[in-house]
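In what follows, a structure is listed as structure tokens, so that the remarks can point back to it.
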Amino acid sequence: MDQETAKLIFNGKEIELPLVCGTMGEKALDISGLRKATGMVTIDPSFVNTAACYSKITYIDGEKGILCYRGIPIEELVEKNRFIETAYLLLHGKLPNAGQSEIFSNLLTENSLLHEDMRHFFDRFPRGSHPMSIMGTMQNAFSTFYPNVDSLSLREAIDISAARIMSTFRTMAAFAYKRSIGEPVVYPRHDLPFCANFLNMMFDSPVRPYKVNPEVVRVLNCLLILHADHEQNCSTTAVRTVGSAQVNLYSTISAGIAALSGPLHGGANQAVIEMLRRIVRDGGNVKKYIDRAKDKSSNFKLMGFGHRVYKTYDPRARIIKKRCDDFLQAMSVDDPLLEVALQLEEAALRDGYFIERNLYPNVDFYSGIIYRAMGIPENMFTVMFALARLPGWIAHWKEMIGSQTKITRPRQIYIGKVPKK
């Protein structure tokens with residue numbers, strides 16, 4: 001069967017551009033030969049309409065509100081699987097059987113200890129350093145402590161590398177938190193699964209032993225699954241771009257952490273909490289802030305609404321809203337911020353201004369409230385996002401390395417000064 005093409009006419013010359021089609025029917029123009037044929041490049045600032053790669057990992061339909069990992073709907077994964085099983089799915093393209101799940105769990109436990117020499121690094125960061133800055137630096141330092149993992153030197157299986165990154169990141173995050181409050185660090189335990197282990201390292205204390213609550217573990221698994229991957233977002237694109245230069249895996253993941261730390265990416269749920277607190281302090285007048293969000297002369301922005309990809313209700317937000325309600329009720333949490341959040345959502349979903357602009361609540365709208373109810377401090381919200389996103393980043397790195405991708409090198413349209421003769 002002949003390949004479909006699109007015709008471009010330029011200066012009287014007709015050029016045929018191949019059409020490529022994804023498994024879900026999305027079509028794209030392959031313009032890789034355009035410059036050779038015409039001398040022209042395309043321009044698409046911020047890549048809002050450019051597919052940068054082929055991928056088998058995650059599918060999103062923003063118009064229909066669909067999110068799937070490896071062909072499995074996110075709703076199904078949250079109901080039937082834990083985070084580590086979802087991580088295995090992203091890395092290997094299939095859910096693990098009982099034996100594979102046990103092996104991967106054991107790898108996570110065996111690789112959860114931080115190299116003792118790295119513990120001293122925490123003493124050198126200034127007090128008040130943001131946890132994401134600490135995590136990015138520590139992650140980059142891993143390449144000097146462990147074998148170089150890149151396309152030329154894959155000395156270890158991807159599962160071991162992934163387990164080391166996921167487990168030690170969890171340990172480092174808890175260490176950073178403990179240091180910030182002046183408490184002794186808590187080491188990982190061999191008898192606790194992934195999420196319970198993290199909670200214990202965060203909240204256990206010699207004077208106040210922590211009792212792992214199954215409700216907290218359950219909702220944490222849900223949050224991590226929902227954030228585990230999201231196609232070619234800013235941080236994933238950073239991982240693929242840096243990784244394309246055959247940078248070692250640890251430093252490549254550090255690039256993803258840096259991208260995620262930005263307030264327009266991973267810091268959104270913290271911004272939601274700050275907005276809700278501001279409204280509560282101002283008497284809880286939701287209508288006042290709805291009106292301000294609609295006022296073009298106001299600089300107020302309604303945080304947690306709308307998404308670059310989704311043009312309908314974020315499927316992750318549907319799940320997390322229900323989990324948020326159930327969790328706060330089960331934990332007997334009375335949070336005034338939640339009440340304001342519910343009022344904001346109800347008002348926005350009835351308002352034509354927000355409906356016409358597809359400004360529906362996104363996943364960040366509720367995730368911060370749940371983390372807050374768990375006792376996670378606000379400056380750790382983005383760290384939690386990064387912890388969830390690690391298997392997605394590693395899966396994309398693995399996929400990119402396996403496809404022998406050329407180094408990423410976009411073109412530009414120069415608009416500067418003309419050189420003098």
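Residues are named by chain letter and number: chains run A, B, ... in the order of the structure tokens, numbers start at 1 in each chain, and ligands are numbered from 1 in the order shown.
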Compile the contact shell of Gly93 in chain A as number ranges by chain: residues with an atom at most 8 Å away, counting only C-alpha atoms, same-chain residues fewer than 4 positions apart removed.
-> A: 57, 70, 88-89
Do a neighbour search on Ala259 in chain A at 9 Å with only C-alpha atoms, toss out local chain neighbours closer than 5 positions, and write the hits as a compact mmCIF listing (two decimals) with C-alpha atoms, in the first residue's frame.
```txt
# COMPACT_ATOMS: atom_id res chain seq x y z
CA CYS A 234 8.47 19.84 29.96
CA SER A 235 10.49 17.63 32.34
CA THR A 236 10.17 14.49 30.21
CA ALA A 238 14.24 17.71 29.22
CA VAL A 239 15.13 14.10 30.09
CA SER A 254 18.68 15.44 37.48
CA HIS A 265 5.33 22.71 36.01
CA GLY A 266 5.76 20.82 39.29
```
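The nearest approach to Phe385 in chain A among the residues A:Leu8, A:Ile165, A:Ile369, A:Leu224, with only C-alpha atoms taken into account, belongs to A:Leu224.
Residues within 12 Å of Gly33 in chain A, counting only C-alpha atoms and excluding same-chain residues fewer than 6 positions away, are Ile15, Glu16, Leu17, Pro18, Gly39, Met40, Val41 and Thr42 of chain A.
When CA of Phe122 in chain A is paired with CA of Asn379 in chain A, their separation reads 16.7 Å.
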Counting only C-alpha atoms, which residues in range 294-356 of chain A sit no more than 9 Å from range 267-278 of chain A? For each one, give the nearest pair of atoms and the distance in Å, sorted by chain then residue number, as a tab-separated table.
```
residue	atom	partner	partner_atom	distance
A:Lys301	CA	A:Met275	CA	8.9
A:Leu302	CA	A:Met275	CA	7.8
A:Met303	CA	A:Val272	CA	5.2
A:Gly304	CA	A:Val272	CA	5.9
A:Pro336	CA	A:Arg277	CA	8.7
A:Leu337	CA	A:Leu276	CA	5.7
A:Leu338	CA	A:Leu276	CA	8.4
A:Val340	CA	A:Leu276	CA	6.7
A:Ala341	CA	A:Leu276	CA	6.9
```
Please identify every residue of range 31-78 of chain A that has at least one atom no farther than 12 Å from an atom of range 405-416 of chain A, counting only C-alpha atoms, and for each give the shortest atom pair and the distance in Å to one decimal, arranged by chain then increasing number, as JSON lines.
```
{"residue": "A:Ser32", "atom": "CA", "partner": "A:Pro410", "partner_atom": "CA", "distance": 11.4}
{"residue": "A:Arg35", "atom": "CA", "partner": "A:Arg411", "partner_atom": "CA", "distance": 10.5}
{"residue": "A:Met40", "atom": "CA", "partner": "A:Ile413", "partner_atom": "CA", "distance": 10.2}
{"residue": "A:Val41", "atom": "CA", "partner": "A:Arg411", "partner_atom": "CA", "distance": 7.4}
{"residue": "A:Thr42", "atom": "CA", "partner": "A:Arg411", "partner_atom": "CA", "distance": 8.5}
{"residue": "A:Ile43", "atom": "CA", "partner": "A:Gln412", "partner_atom": "CA", "distance": 7.4}
{"residue": "A:Asp44", "atom": "CA", "partner": "A:Gln412", "partner_atom": "CA", "distance": 9.7}
{"residue": "A:Pro45", "atom": "CA", "partner": "A:Gln412", "partner_atom": "CA", "distance": 9.6}
{"residue": "A:Ser46", "atom": "CA", "partner": "A:Pro410", "partner_atom": "CA", "distance": 11.4}
{"residue": "A:Phe47", "atom": "CA", "partner": "A:Pro410", "partner_atom": "CA", "distance": 10.4}
{"residue": "A:Thr50", "atom": "CA", "partner": "A:Pro410", "partner_atom": "CA", "distance": 11.5}
{"residue": "A:Ala52", "atom": "CA", "partner": "A:Thr408", "partner_atom": "CA", "distance": 9.3}
{"residue": "A:Cys53", "atom": "CA", "partner": "A:Thr405", "partner_atom": "CA", "distance": 8.9}
{"residue": "A:Tyr54", "atom": "CA", "partner": "A:Thr405", "partner_atom": "CA", "distance": 10.3}
{"residue": "A:Ser55", "atom": "CA", "partner": "A:Thr405", "partner_atom": "CA", "distance": 11.9}
```
With C-alpha atoms retained, write the just-selected residues as a PDB file, in the first residue's frame.
```
ATOM      1  CA  SER A  32      12.352  15.794   8.450  1.00  0.00           C
ATOM      2  CA  ARG A  35      14.958  21.594   4.623  1.00  0.00           C
ATOM      3  CA  MET A  40      13.141  25.880   4.765  1.00  0.00           C
ATOM      4  CA  VAL A  41      12.519  24.814   8.357  1.00  0.00           C
ATOM      5  CA  THR A  42       9.291  24.942  10.337  1.00  0.00           C
ATOM      6  CA  ILE A  43       8.810  27.101  13.414  1.00  0.00           C
ATOM      7  CA  ASP A  44       6.641  26.135  16.375  1.00  0.00           C
ATOM      8  CA  PRO A  45       7.552  28.095  19.536  1.00  0.00           C
ATOM      9  CA  SER A  46       7.344  25.975  22.703  1.00  0.00           C
ATOM     10  CA  PHE A  47       6.581  22.933  20.506  1.00  0.00           C
ATOM     11  CA  THR A  50       5.232  19.402  17.222  1.00  0.00           C
ATOM     12  CA  ALA A  52       9.321  15.266  18.982  1.00  0.00           C
ATOM     13  CA  CYS A  53       9.420  11.470  19.041  1.00  0.00           C
ATOM     14  CA  TYR A  54       7.624   8.170  18.579  1.00  0.00           C
ATOM     15  CA  SER A  55       6.633   6.581  21.898  1.00  0.00           C
TER      16      SER A  55
END
```
Identify, on the basis of only C-alpha atoms, every residue whose closest approach to Ser133 in chain A does not exceed 9 Å; exclude the query and any residue fewer than 4 positions from it along the same chain; express the result as number ranges by chain.
-> A: 129, 137-138, 257-258, 261
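Summary of the local environment: counting only C-alpha atoms, residues at most 9 Å from Tyr371 in chain A, other than itself and those fewer than 4 positions away along its chain, are Leu220, Tyr366, Ser367, Gly375, Ile376, Pro377, Glu378, Phe381 and Met384 of chain A.
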Which neighbours of Phe327 in chain A fall inside 10 Å, counting only C-alpha atoms, when residues of the same chain fewer than 5 positions from it are skipped, and could you give them as a list in words?
-> Glu215, Val216, Arg218, Val219, Ile320, Lys321, Lys322, Ser332, Val333, Ile370, Ala373 and Met374 of chain A
With C-alpha atoms retained, export the selected residues as a PDB file, in the first residue's frame.
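Wrote again-v9.pdb, looks like this:
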```pdb
ATOM      1  CA  GLU A 215      -5.583   4.662  54.400  1.00  0.00           C
ATOM      2  CA  VAL A 216      -2.584   6.955  54.002  1.00  0.00           C
ATOM      3  CA  ARG A 218      -3.586   3.655  49.807  1.00  0.00           C
ATOM      4  CA  VAL A 219      -4.067   7.299  48.857  1.00  0.00           C
ATOM      5  CA  ILE A 320      -8.333  12.397  42.946  1.00  0.00           C
ATOM      6  CA  LYS A 321     -11.415  14.445  43.875  1.00  0.00           C
ATOM      7  CA  LYS A 322     -13.234  11.293  45.010  1.00  0.00           C
ATOM      8  CA  SER A 332     -11.615  12.906  60.252  1.00  0.00           C
ATOM      9  CA  VAL A 333      -9.842  15.912  58.756  1.00  0.00           C
ATOM     10  CA  ILE A 370      -4.249  15.424  50.338  1.00  0.00           C
ATOM     11  CA  ALA A 373      -3.646  16.156  55.287  1.00  0.00           C
ATOM     12  CA  MET A 374      -0.859  13.535  55.324  1.00  0.00           C
TER      13      MET A 374
END
```
If we count only C-alpha atoms, what is near Met118 in chain A at a cut-off of 9 Å, once residues fewer than 6 positions away on the same chain are taken out, given as a PDB file with C-alpha atoms, in the first residue's frame?
```
ATOM      1  CA  MET A 138      22.206  14.856  45.077  1.00  0.00           C
ATOM      2  CA  ALA A 141      26.184  13.381  42.342  1.00  0.00           C
ATOM      3  CA  PHE A 142      25.064   9.767  41.992  1.00  0.00           C
ATOM      4  CA  PHE A 145      29.229   7.002  43.233  1.00  0.00           C
TER       5      PHE A 145
END
```
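Between CA of His396 in chain A and CA of Thr241 in chain A there is a distance of 10.7 Å.
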Within range 118-357 of chain A, find each residue whose DSSP state, derived from the backbone, is alpha helix (DSSP H), and express the selection as a PyMOL selection string.
-> chain A and resi 118-119+131-145+158-180+194-203+214-226+234-243+249-260+268-281+286-294+315-330+336-350+352-356
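For the residues A:Glu79, A:His227, A:Val383, A:Arg308, ranking by smallest atom-to-atom distance to Tyr177 in chain A using only C-alpha atoms places A:Val383 first.
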